[in-house]
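target-v8.pdb follows (PDB, C-alpha atoms):
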```
MODEL        1
ATOM      1  CA  MET A   1      19.788  -8.680 -32.577
ATOM      2  CA  ARG A   2      23.282  -9.306 -31.215
ATOM      3  CA  TRP A   3      24.231  -8.243 -27.681
ATOM      4  CA  GLU A   4      27.792  -7.668 -26.614
ATOM      5  CA  ILE A   5      28.971  -7.193 -23.079
ATOM      6  CA  SER A   6      32.364  -5.700 -22.376
ATOM      7  CA  ILE A   7      33.914  -5.751 -18.934
ATOM      8  CA  LYS A   8      36.642  -3.142 -18.689
ATOM      9  CA  MET A   9      38.090  -4.278 -15.353
ATOM     10  CA  ARG A  10      41.092  -6.518 -15.952
ATOM     11  CA  SER A  11      42.312  -9.154 -13.494
ATOM     12  CA  TYR A  12      45.915  -8.036 -13.940
ATOM     13  CA  THR A  13      48.140  -4.977 -13.774
ATOM     14  CA  THR A  14      51.076  -4.192 -16.038
ATOM     15  CA  GLU A  15      53.856  -2.205 -14.428
ATOM     16  CA  ILE A  16      57.036  -0.648 -15.886
ATOM     17  CA  ASP A  17      60.061  -1.326 -13.654
ATOM     18  CA  ALA A  18      63.032   0.132 -15.550
ATOM     19  CA  ILE A  19      63.772   2.107 -18.694
ATOM     20  CA  ARG A  20      66.751   2.755 -20.931
ATOM     21  CA  PHE A  21      66.890   4.846 -24.108
ATOM     22  CA  GLU A  22      69.308   5.856 -26.813
ATOM     23  CA  HIS A  23      69.099   8.041 -29.880
ATOM     24  CA  ASN A  24      71.028   8.982 -32.996
ATOM     25  CA  THR A  25      71.357  12.780 -33.258
ATOM     26  CA  ASP A  26      71.347  12.594 -37.084
ATOM     27  CA  ILE A  27      67.697  11.470 -36.862
ATOM     28  CA  VAL A  28      66.473  12.573 -33.414
ATOM     29  CA  ASN A  29      68.192  15.746 -32.265
ATOM     30  CA  ARG A  30      66.755  15.805 -28.727
ATOM     31  CA  MET A  31      65.378  13.047 -26.538
ATOM     32  CA  SER A  32      64.706  12.518 -22.859
ATOM     33  CA  VAL A  33      62.760   9.809 -21.038
ATOM     34  CA  GLU A  34      62.309   9.315 -17.314
ATOM     35  CA  LEU A  35      60.457   6.819 -15.160
ATOM     36  CA  ILE A  36      58.265   8.482 -12.532
ATOM     37  CA  HIS A  37      55.847   7.197  -9.903
ATOM     38  CA  GLU A  38      52.479   8.953 -10.051
ATOM     39  CA  ASP A  39      48.972   7.970  -8.926
ATOM     40  CA  GLY A  40      50.206   4.598  -7.684
ATOM     41  CA  ARG A  41      51.725   3.685 -11.081
ATOM     42  CA  ASN A  42      55.116   3.838 -12.731
ATOM     43  CA  LYS A  43      54.832   6.084 -15.794
ATOM     44  CA  LEU A  44      57.055   7.566 -18.478
ATOM     45  CA  ASN A  45      57.600  11.263 -19.114
ATOM     46  CA  GLY A  46      59.865  12.783 -21.703
ATOM     47  CA  SER A  47      60.186  14.476 -25.052
ATOM     48  CA  PHE A  48      61.807  14.113 -28.441
ATOM     49  CA  SER A  49      62.156  15.977 -31.733
ATOM     50  CA  PHE A  50      63.397  14.968 -35.161
ATOM     51  CA  ALA A  51      66.563  16.435 -36.720
ATOM     52  CA  GLN A  52      64.993  16.779 -40.162
ATOM     53  CA  ASP A  53      61.696  16.236 -41.970
ATOM     54  CA  PHE A  54      61.033  12.535 -42.652
ATOM     55  CA  ASN A  55      58.710  10.548 -44.901
ATOM     56  CA  ASP A  56      60.651   7.299 -44.665
ATOM     57  CA  LEU A  57      60.957   6.274 -41.014
ATOM     58  CA  HIS A  58      59.941   2.867 -39.693
ATOM     59  CA  ILE A  59      58.582   2.199 -36.232
ATOM     60  CA  PHE A  60      59.635  -1.074 -34.610
ATOM     61  CA  ASN A  61      58.346  -2.827 -31.510
ATOM     62  CA  TRP A  62      59.108  -6.211 -30.006
ATOM     63  CA  VAL A  63      58.426  -7.939 -26.718
ATOM     64  CA  ILE A  64      60.499 -10.742 -25.227
ATOM     65  CA  LEU A  65      59.260 -12.733 -22.237
ATOM     66  CA  ASN A  66      61.769 -13.146 -19.396
ATOM     67  CA  ARG A  67      61.033 -16.622 -18.021
ATOM     68  CA  PRO A  68      62.347 -17.864 -14.643
ATOM     69  CA  ASN A  69      64.043 -20.793 -16.441
ATOM     70  CA  GLY A  70      66.188 -18.312 -18.416
ATOM     71  CA  LYS A  71      64.375 -18.790 -21.702
ATOM     72  CA  ARG A  72      63.408 -15.613 -23.539
ATOM     73  CA  PRO A  73      60.770 -16.352 -26.186
ATOM     74  CA  THR A  74      59.686 -13.511 -28.462
ATOM     75  CA  LEU A  75      56.013 -12.626 -28.007
ATOM     76  CA  TYR A  76      56.002 -10.493 -31.171
ATOM     77  CA  ASN A  77      58.332  -8.460 -33.393
ATOM     78  CA  VAL A  78      56.784  -5.852 -35.697
ATOM     79  CA  SER A  79      58.233  -3.171 -37.962
ATOM     80  CA  VAL A  80      56.053  -0.885 -40.059
ATOM     81  CA  SER A  81      56.287   2.367 -41.972
ATOM     82  CA  ALA A  82      55.744   5.316 -39.627
ATOM     83  CA  CYS A  83      53.379   6.810 -42.219
ATOM     84  CA  LYS A  84      51.222   3.646 -42.139
ATOM     85  CA  PHE A  85      51.273   3.837 -38.346
ATOM     86  CA  LEU A  86      50.114   7.451 -38.422
ATOM     87  CA  ASP A  87      47.231   6.827 -40.821
ATOM     88  CA  ASN A  88      46.079   3.736 -38.827
ATOM     89  CA  SER A  89      46.621   1.248 -41.675
ATOM     90  CA  ALA A  90      49.013  -0.759 -39.434
ATOM     91  CA  LYS A  91      46.492  -1.400 -36.665
ATOM     92  CA  ASN A  92      45.691  -4.971 -37.749
ATOM     93  CA  LEU A  93      49.245  -6.325 -37.614
ATOM     94  CA  ASN A  94      49.114  -7.567 -34.006
ATOM     95  CA  PRO A  95      46.570  -6.814 -31.248
ATOM     96  CA  ILE A  96      49.187  -5.948 -28.615
ATOM     97  CA  PHE A  97      51.153  -3.803 -31.081
ATOM     98  CA  ALA A  98      47.895  -2.034 -31.986
ATOM     99  CA  THR A  99      47.398  -1.262 -28.287
ATOM    100  CA  VAL A 100      50.940   0.111 -28.015
ATOM    101  CA  LEU A 101      50.217   2.377 -30.992
ATOM    102  CA  GLN A 102      46.987   3.595 -29.347
ATOM    103  CA  LEU A 103      48.886   4.336 -26.121
ATOM    104  CA  LEU A 104      51.493   6.373 -27.995
ATOM    105  CA  LYS A 105      48.844   8.419 -29.759
ATOM    106  CA  LYS A 106      46.984   8.949 -26.482
ATOM    107  CA  TYR A 107      49.930  10.018 -24.331
ATOM    108  CA  ILE A 108      52.273  11.880 -26.701
ATOM    109  CA  THR A 109      51.116  15.439 -27.284
ATOM    110  CA  GLY A 110      52.091  16.966 -30.576
ATOM    111  CA  PHE A 111      52.372  13.517 -32.086
ATOM    112  CA  PRO A 112      52.022  13.891 -35.858
ATOM    113  CA  ARG A 113      48.814  12.626 -37.475
ATOM    114  CA  LYS A 114      50.383  12.216 -40.916
ATOM    115  CA  CYS A 115      53.699  12.350 -42.742
ATOM    116  CA  PRO A 116      56.056  14.088 -43.068
ATOM    117  CA  LEU A 117      57.413  13.995 -39.535
ATOM    118  CA  GLN A 118      58.585  17.575 -39.028
ATOM    119  CA  LYS A 119      61.979  18.587 -37.734
ATOM    120  CA  ASN A 120      62.432  20.513 -34.478
ATOM    121  CA  LEU A 121      58.800  19.962 -33.435
ATOM    122  CA  GLU A 122      58.868  18.820 -29.817
ATOM    123  CA  HIS A 123      56.738  15.778 -28.953
ATOM    124  CA  LEU A 124      55.916  15.509 -25.236
ATOM    125  CA  MET A 125      55.372  12.163 -23.516
ATOM    126  CA  LYS A 126      53.357  12.642 -20.357
ATOM    127  CA  GLY A 127      52.260   9.889 -18.013
ATOM    128  CA  ILE A 128      52.598   6.918 -20.374
ATOM    129  CA  TYR A 129      51.695   3.637 -18.708
ATOM    130  CA  PHE A 130      50.146   0.339 -19.760
ATOM    131  CA  ASP A 131      46.433   1.057 -19.447
ATOM    132  CA  GLU A 132      44.954  -2.400 -18.859
ATOM    133  CA  ASP A 133      41.560  -1.271 -20.197
ATOM    134  CA  MET A 134      43.223  -0.923 -23.614
ATOM    135  CA  MET A 135      44.954  -4.318 -23.380
ATOM    136  CA  PRO A 136      43.582  -7.787 -24.191
ATOM    137  CA  PRO A 137      41.144  -9.193 -21.605
ATOM    138  CA  TYR A 138      43.709 -11.673 -20.308
ATOM    139  CA  LEU A 139      47.475 -11.651 -20.098
ATOM    140  CA  PRO A 140      49.381 -14.270 -18.080
ATOM    141  CA  GLU A 141      51.738 -13.243 -15.291
ATOM    142  CA  ASN A 142      55.155 -12.627 -16.759
ATOM    143  CA  ASN A 143      58.198 -10.403 -16.729
ATOM    144  CA  PHE A 144      59.062  -8.968 -20.111
ATOM    145  CA  THR A 145      61.377  -6.670 -22.023
ATOM    146  CA  GLY A 146      59.765  -4.344 -24.545
ATOM    147  CA  VAL A 147      61.547  -2.290 -27.182
ATOM    148  CA  ILE A 148      60.077   0.464 -29.342
ATOM    149  CA  GLY A 149      61.728   2.965 -31.628
ATOM    150  CA  PHE A 150      62.184   4.520 -35.051
ATOM    151  CA  MET A 151      64.732   3.734 -37.727
ATOM    152  CA  ARG A 152      65.626   5.057 -41.162
ATOM    153  CA  ALA A 153      67.353   2.955 -43.823
ATOM    154  CA  ASN A 154      68.322   0.384 -41.158
ATOM    155  CA  ILE A 155      69.879   3.082 -38.965
ATOM    156  CA  MET A 156      68.389   3.428 -35.500
ATOM    157  CA  GLY A 157      66.877   6.864 -34.801
ATOM    158  CA  PHE A 158      65.849   6.139 -31.243
ATOM    159  CA  LYS A 159      65.166   3.104 -29.134
ATOM    160  CA  VAL A 160      63.412   2.836 -25.778
ATOM    161  CA  THR A 161      63.866  -0.416 -23.851
ATOM    162  CA  LEU A 162      61.769  -1.144 -20.817
ATOM    163  CA  LYS A 163      61.583  -3.930 -18.276
ATOM    164  CA  ALA A 164      58.042  -4.567 -17.115
ATOM    165  CA  ARG A 165      55.759  -7.171 -15.580
ATOM    166  CA  VAL A 166      52.215  -8.442 -15.731
ATOM    167  CA  GLU A 167      50.835  -9.389 -12.306
ATOM    168  CA  SER A 168      47.537 -10.770 -11.133
ATOM    169  CA  LYS A 169      45.465  -8.387  -9.015
ATOM    170  CA  PHE A 170      44.588 -11.444  -6.925
ATOM    171  CA  LYS A 171      48.095 -12.381  -5.716
ATOM    172  CA  GLY A 172      47.981 -15.311  -3.331
ATOM    173  CA  ASP A 173      44.292 -15.888  -4.059
ATOM    174  CA  ASN A 174      44.353 -19.075  -6.057
ATOM    175  CA  ARG A 175      40.740 -19.347  -7.127
ATOM    176  CA  ARG A 176      41.184 -22.642  -8.960
ATOM    177  CA  GLY A 177      39.778 -25.602  -7.132
ATOM    178  CA  LYS A 178      37.985 -23.435  -4.556
ATOM    179  CA  LYS A 179      34.296 -23.995  -4.091
TER     180      LYS A 179
ENDMDL
END
```

Spell out the structure here as structure tokens.
Amino acid sequence: MRWEISIKMRSYTTEIDAIRFEHNTDIVNRMSVELIHEDGRNKLNGSFSFAQDFNDLHIFNWVILNRPNGKRPTLYNVSVSACKFLDNSAKNLNPIFATVLQLLKKYITGFPRKCPLQKNLEHLMKGIYFDEDMMPPYLPENNFTGVIGFMRANIMGFKVTLKARVESKFKGDNRRGKK
């Protein structure tokens, strides 16, 4: 018999500090995103709808680390068919990307479960934040830039760029070397 123990409490928090978005009205006819502070967290609210029915959109997501020395290494860069995303066949591409996909499905009401993506159907984003319980057990402290969006035939439909940070919950409590 195999026993597994899972501790949900993470030793870090992930906080969104700033957001910017843009959209192409040929693909996304309406879009709004705002950063709010609620329940002690920065969260995203907003909505979007597509300008026409789509079977051929791609979702893209990348994260770049913003190091104090000015270097900006790419943590990951993933692009996948939106239809594969919707039917969960893209979940094994990257563990952090898989978490981002779970967060989108959790916090966007009216999010389609399969293709086609329907025009004029409003998708509401309510209270999106980085839920650490859905993230890997450990992430190092870092500032990062994350980008997520949809594109069609190499034309951007919408893109959301956020500045965020991972911080230890034990700031100033260096536990290494302490007995």

Selection near range 117-133 of chain A, 10 Å with only C-alpha atoms, sequence-local residues under 5 positions removed, as a PDB file with C-alpha atoms, in the coordinates of the input:
```
ATOM      1  CA  ILE A   7      33.914  -5.751 -18.934  1.00  0.00           C
ATOM      2  CA  LYS A   8      36.642  -3.142 -18.689  1.00  0.00           C
ATOM      3  CA  MET A   9      38.090  -4.278 -15.353  1.00  0.00           C
ATOM      4  CA  ARG A  10      41.092  -6.518 -15.952  1.00  0.00           C
ATOM      5  CA  SER A  11      42.312  -9.154 -13.494  1.00  0.00           C
ATOM      6  CA  TYR A  12      45.915  -8.036 -13.940  1.00  0.00           C
ATOM      7  CA  THR A  13      48.140  -4.977 -13.774  1.00  0.00           C
ATOM      8  CA  THR A  14      51.076  -4.192 -16.038  1.00  0.00           C
ATOM      9  CA  GLU A  15      53.856  -2.205 -14.428  1.00  0.00           C
ATOM     10  CA  ILE A  16      57.036  -0.648 -15.886  1.00  0.00           C
ATOM     11  CA  ILE A  27      67.697  11.470 -36.862  1.00  0.00           C
ATOM     12  CA  VAL A  28      66.473  12.573 -33.414  1.00  0.00           C
ATOM     13  CA  ASN A  29      68.192  15.746 -32.265  1.00  0.00           C
ATOM     14  CA  ARG A  30      66.755  15.805 -28.727  1.00  0.00           C
ATOM     15  CA  MET A  31      65.378  13.047 -26.538  1.00  0.00           C
ATOM     16  CA  SER A  32      64.706  12.518 -22.859  1.00  0.00           C
ATOM     17  CA  VAL A  33      62.760   9.809 -21.038  1.00  0.00           C
ATOM     18  CA  GLU A  34      62.309   9.315 -17.314  1.00  0.00           C
ATOM     19  CA  LEU A  35      60.457   6.819 -15.160  1.00  0.00           C
ATOM     20  CA  ILE A  36      58.265   8.482 -12.532  1.00  0.00           C
ATOM     21  CA  HIS A  37      55.847   7.197  -9.903  1.00  0.00           C
ATOM     22  CA  GLU A  38      52.479   8.953 -10.051  1.00  0.00           C
ATOM     23  CA  ASP A  39      48.972   7.970  -8.926  1.00  0.00           C
ATOM     24  CA  ARG A  41      51.725   3.685 -11.081  1.00  0.00           C
ATOM     25  CA  ASN A  42      55.116   3.838 -12.731  1.00  0.00           C
ATOM     26  CA  LYS A  43      54.832   6.084 -15.794  1.00  0.00           C
ATOM     27  CA  LEU A  44      57.055   7.566 -18.478  1.00  0.00           C
ATOM     28  CA  ASN A  45      57.600  11.263 -19.114  1.00  0.00           C
ATOM     29  CA  GLY A  46      59.865  12.783 -21.703  1.00  0.00           C
ATOM     30  CA  SER A  47      60.186  14.476 -25.052  1.00  0.00           C
ATOM     31  CA  PHE A  48      61.807  14.113 -28.441  1.00  0.00           C
ATOM     32  CA  SER A  49      62.156  15.977 -31.733  1.00  0.00           C
ATOM     33  CA  PHE A  50      63.397  14.968 -35.161  1.00  0.00           C
ATOM     34  CA  ALA A  51      66.563  16.435 -36.720  1.00  0.00           C
ATOM     35  CA  GLN A  52      64.993  16.779 -40.162  1.00  0.00           C
ATOM     36  CA  ASP A  53      61.696  16.236 -41.970  1.00  0.00           C
ATOM     37  CA  PHE A  54      61.033  12.535 -42.652  1.00  0.00           C
ATOM     38  CA  ASN A  55      58.710  10.548 -44.901  1.00  0.00           C
ATOM     39  CA  ASP A  56      60.651   7.299 -44.665  1.00  0.00           C
ATOM     40  CA  LEU A  57      60.957   6.274 -41.014  1.00  0.00           C
ATOM     41  CA  ALA A  82      55.744   5.316 -39.627  1.00  0.00           C
ATOM     42  CA  CYS A  83      53.379   6.810 -42.219  1.00  0.00           C
ATOM     43  CA  LEU A  86      50.114   7.451 -38.422  1.00  0.00           C
ATOM     44  CA  THR A  99      47.398  -1.262 -28.287  1.00  0.00           C
ATOM     45  CA  VAL A 100      50.940   0.111 -28.015  1.00  0.00           C
ATOM     46  CA  LEU A 103      48.886   4.336 -26.121  1.00  0.00           C
ATOM     47  CA  LEU A 104      51.493   6.373 -27.995  1.00  0.00           C
ATOM     48  CA  LYS A 105      48.844   8.419 -29.759  1.00  0.00           C
ATOM     49  CA  LYS A 106      46.984   8.949 -26.482  1.00  0.00           C
ATOM     50  CA  TYR A 107      49.930  10.018 -24.331  1.00  0.00           C
ATOM     51  CA  ILE A 108      52.273  11.880 -26.701  1.00  0.00           C
ATOM     52  CA  THR A 109      51.116  15.439 -27.284  1.00  0.00           C
ATOM     53  CA  GLY A 110      52.091  16.966 -30.576  1.00  0.00           C
ATOM     54  CA  PHE A 111      52.372  13.517 -32.086  1.00  0.00           C
ATOM     55  CA  PRO A 112      52.022  13.891 -35.858  1.00  0.00           C
ATOM     56  CA  TYR A 138      43.709 -11.673 -20.308  1.00  0.00           C
ATOM     57  CA  LEU A 139      47.475 -11.651 -20.098  1.00  0.00           C
ATOM     58  CA  ALA A 164      58.042  -4.567 -17.115  1.00  0.00           C
ATOM     59  CA  VAL A 166      52.215  -8.442 -15.731  1.00  0.00           C
TER      60      VAL A 166
END
```

ask   = Just so the selection is clear, what residues does the PyMOL selection byres ((chain A and resi 23) around 7) cover here, as a VMD selection string?
value = chain A and resid 21 to 22 24 to 25 28 157 to 159

Just-selected residues, C-alpha atoms written as a PDB file, in the frame of the given file:
```pdb
ATOM      1  CA  PHE A  21      66.890   4.846 -24.108  1.00  0.00           C
ATOM      2  CA  GLU A  22      69.308   5.856 -26.813  1.00  0.00           C
ATOM      3  CA  ASN A  24      71.028   8.982 -32.996  1.00  0.00           C
ATOM      4  CA  THR A  25      71.357  12.780 -33.258  1.00  0.00           C
ATOM      5  CA  VAL A  28      66.473  12.573 -33.414  1.00  0.00           C
ATOM      6  CA  GLY A 157      66.877   6.864 -34.801  1.00  0.00           C
ATOM      7  CA  PHE A 158      65.849   6.139 -31.243  1.00  0.00           C
ATOM      8  CA  LYS A 159      65.166   3.104 -29.134  1.00  0.00           C
TER       9      LYS A 159
END
```

ask   = What separation in Å, quoted to one decimal, exists between CA of Gln102 in chain A and CA of Phe170 in chain A?
value =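 Those two atoms sit 27.1 Å apart.
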
ask   = Counting only C-alpha atoms, which of A:Pro95, A:Pro73, A:Gly149, A:Pro137 gets nearest to Phe60 in chain A?
value = A:Gly149

task = Could you check how far CA of Ile155 in chain A sits from CA of Ile64 in chain A, in Å to one decimal?
result =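 Between these atoms lies a distance of 21.6 Å.
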
request  = Would you mind listing what lies within 8 Å of Leu65 in chain A as a ChimeraX atom specification, with all atoms listed in the file counted and same-chain residues fewer than 4 positions away left out?
outcome  = /A:71-75,142-145

Any chance you could build range 14-43 of chain A out to N, CA and C atoms and write it as an mmCIF file, keeping the file's coordinate frame?
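out04.cif, written as the output of this step:
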```
data_model
loop_
_atom_site.group_PDB
_atom_site.id
_atom_site.type_symbol
_atom_site.label_atom_id
_atom_site.label_comp_id
_atom_site.auth_asym_id
_atom_site.auth_seq_id
_atom_site.Cartn_x
_atom_site.Cartn_y
_atom_site.Cartn_z
ATOM 1 N N THR A 14 49.830 -4.169 -15.284
ATOM 2 C CA THR A 14 51.076 -4.192 -16.038
ATOM 3 C C THR A 14 51.886 -2.993 -15.574
ATOM 4 N N GLU A 15 53.059 -3.261 -15.051
ATOM 5 C CA GLU A 15 53.856 -2.205 -14.428
ATOM 6 C C GLU A 15 55.238 -2.116 -15.072
ATOM 7 N N ILE A 16 55.691 -0.907 -15.356
ATOM 8 C CA ILE A 16 57.036 -0.648 -15.886
ATOM 9 C C ILE A 16 57.996 -0.555 -14.706
ATOM 10 N N ASP A 17 59.088 -1.320 -14.753
ATOM 11 C CA ASP A 17 60.061 -1.326 -13.654
ATOM 12 C C ASP A 17 61.338 -0.559 -13.955
ATOM 13 N N ALA A 18 61.775 -0.540 -15.202
ATOM 14 C CA ALA A 18 63.032 0.132 -15.550
ATOM 15 C C ALA A 18 62.975 0.553 -17.013
ATOM 16 N N ILE A 19 63.760 1.583 -17.325
ATOM 17 C CA ILE A 19 63.772 2.107 -18.694
ATOM 18 C C ILE A 19 65.185 2.514 -19.089
ATOM 19 N N ARG A 20 65.475 2.327 -20.358
ATOM 20 C CA ARG A 20 66.751 2.755 -20.931
ATOM 21 C C ARG A 20 66.437 3.289 -22.329
ATOM 22 N N PHE A 21 67.126 4.331 -22.756
ATOM 23 C CA PHE A 21 66.890 4.846 -24.108
ATOM 24 C C PHE A 21 68.188 5.308 -24.732
ATOM 25 N N GLU A 22 68.170 5.336 -26.046
ATOM 26 C CA GLU A 22 69.308 5.856 -26.813
ATOM 27 C C GLU A 22 68.774 6.472 -28.082
ATOM 28 N N HIS A 23 69.534 7.412 -28.636
ATOM 29 C CA HIS A 23 69.099 8.041 -29.880
ATOM 30 C C HIS A 23 70.292 8.467 -30.721
ATOM 31 N N ASN A 24 70.043 8.576 -32.011
ATOM 32 C CA ASN A 24 71.028 8.982 -32.996
ATOM 33 C C ASN A 24 70.718 10.438 -33.347
ATOM 34 N N THR A 25 71.622 11.347 -33.071
ATOM 35 C CA THR A 25 71.357 12.780 -33.258
ATOM 36 C C THR A 25 71.228 13.181 -34.733
ATOM 37 N N ASP A 26 71.586 12.300 -35.661
ATOM 38 C CA ASP A 26 71.347 12.594 -37.084
ATOM 39 C C ASP A 26 69.859 12.468 -37.422
ATOM 40 N N ILE A 27 69.118 11.697 -36.619
ATOM 41 C CA ILE A 27 67.697 11.470 -36.862
ATOM 42 C C ILE A 27 66.828 12.139 -35.793
ATOM 43 N N VAL A 28 67.218 11.980 -34.540
ATOM 44 C CA VAL A 28 66.473 12.573 -33.414
ATOM 45 C C VAL A 28 67.439 13.508 -32.699
ATOM 46 N N ASN A 29 67.206 14.819 -32.815
ATOM 47 C CA ASN A 29 68.192 15.746 -32.265
ATOM 48 C C ASN A 29 68.098 15.911 -30.750
ATOM 49 N N ARG A 30 66.913 15.709 -30.190
ATOM 50 C CA ARG A 30 66.755 15.805 -28.727
ATOM 51 C C ARG A 30 65.853 14.682 -28.258
ATOM 52 N N MET A 31 66.228 14.078 -27.114
ATOM 53 C CA MET A 31 65.378 13.047 -26.538
ATOM 54 C C MET A 31 65.663 12.932 -25.061
ATOM 55 N N SER A 32 64.577 12.806 -24.287
ATOM 56 C CA SER A 32 64.706 12.518 -22.859
ATOM 57 C C SER A 32 63.537 11.625 -22.460
ATOM 58 N N VAL A 33 63.798 10.689 -21.574
ATOM 59 C CA VAL A 33 62.760 9.809 -21.038
ATOM 60 C C VAL A 33 63.104 9.539 -19.588
ATOM 61 N N GLU A 34 62.095 9.631 -18.723
ATOM 62 C CA GLU A 34 62.309 9.315 -17.314
ATOM 63 C C GLU A 34 61.147 8.494 -16.788
ATOM 64 N N LEU A 35 61.458 7.636 -15.823
ATOM 65 C CA LEU A 35 60.457 6.819 -15.160
ATOM 66 C C LEU A 35 60.054 7.533 -13.878
ATOM 67 N N ILE A 36 58.765 7.794 -13.725
ATOM 68 C CA ILE A 36 58.265 8.482 -12.532
ATOM 69 C C ILE A 36 57.202 7.606 -11.869
ATOM 70 N N HIS A 37 56.934 7.878 -10.604
ATOM 71 C CA HIS A 37 55.847 7.197 -9.903
ATOM 72 C C HIS A 37 54.761 8.235 -9.626
ATOM 73 N N GLU A 38 53.569 7.991 -10.160
ATOM 74 C CA GLU A 38 52.479 8.953 -10.051
ATOM 75 C C GLU A 38 51.156 8.195 -9.974
ATOM 76 N N ASP A 39 50.296 8.587 -9.073
ATOM 77 C CA ASP A 39 48.972 7.970 -8.926
ATOM 78 C C ASP A 39 49.056 6.458 -8.728
ATOM 79 N N GLY A 40 50.063 6.013 -7.978
ATOM 80 C CA GLY A 40 50.206 4.598 -7.684
ATOM 81 C C GLY A 40 50.736 3.760 -8.834
ATOM 82 N N ARG A 41 51.217 4.391 -9.904
ATOM 83 C CA ARG A 41 51.725 3.685 -11.081
ATOM 84 C C ARG A 41 53.087 4.228 -11.474
ATOM 85 N N ASN A 42 53.899 3.378 -12.090
ATOM 86 C CA ASN A 42 55.116 3.838 -12.731
ATOM 87 C C ASN A 42 54.741 4.292 -14.136
ATOM 88 N N LYS A 43 55.188 5.494 -14.501
ATOM 89 C CA LYS A 43 54.832 6.084 -15.794
ATOM 90 C C LYS A 43 56.067 6.683 -16.444
#
```
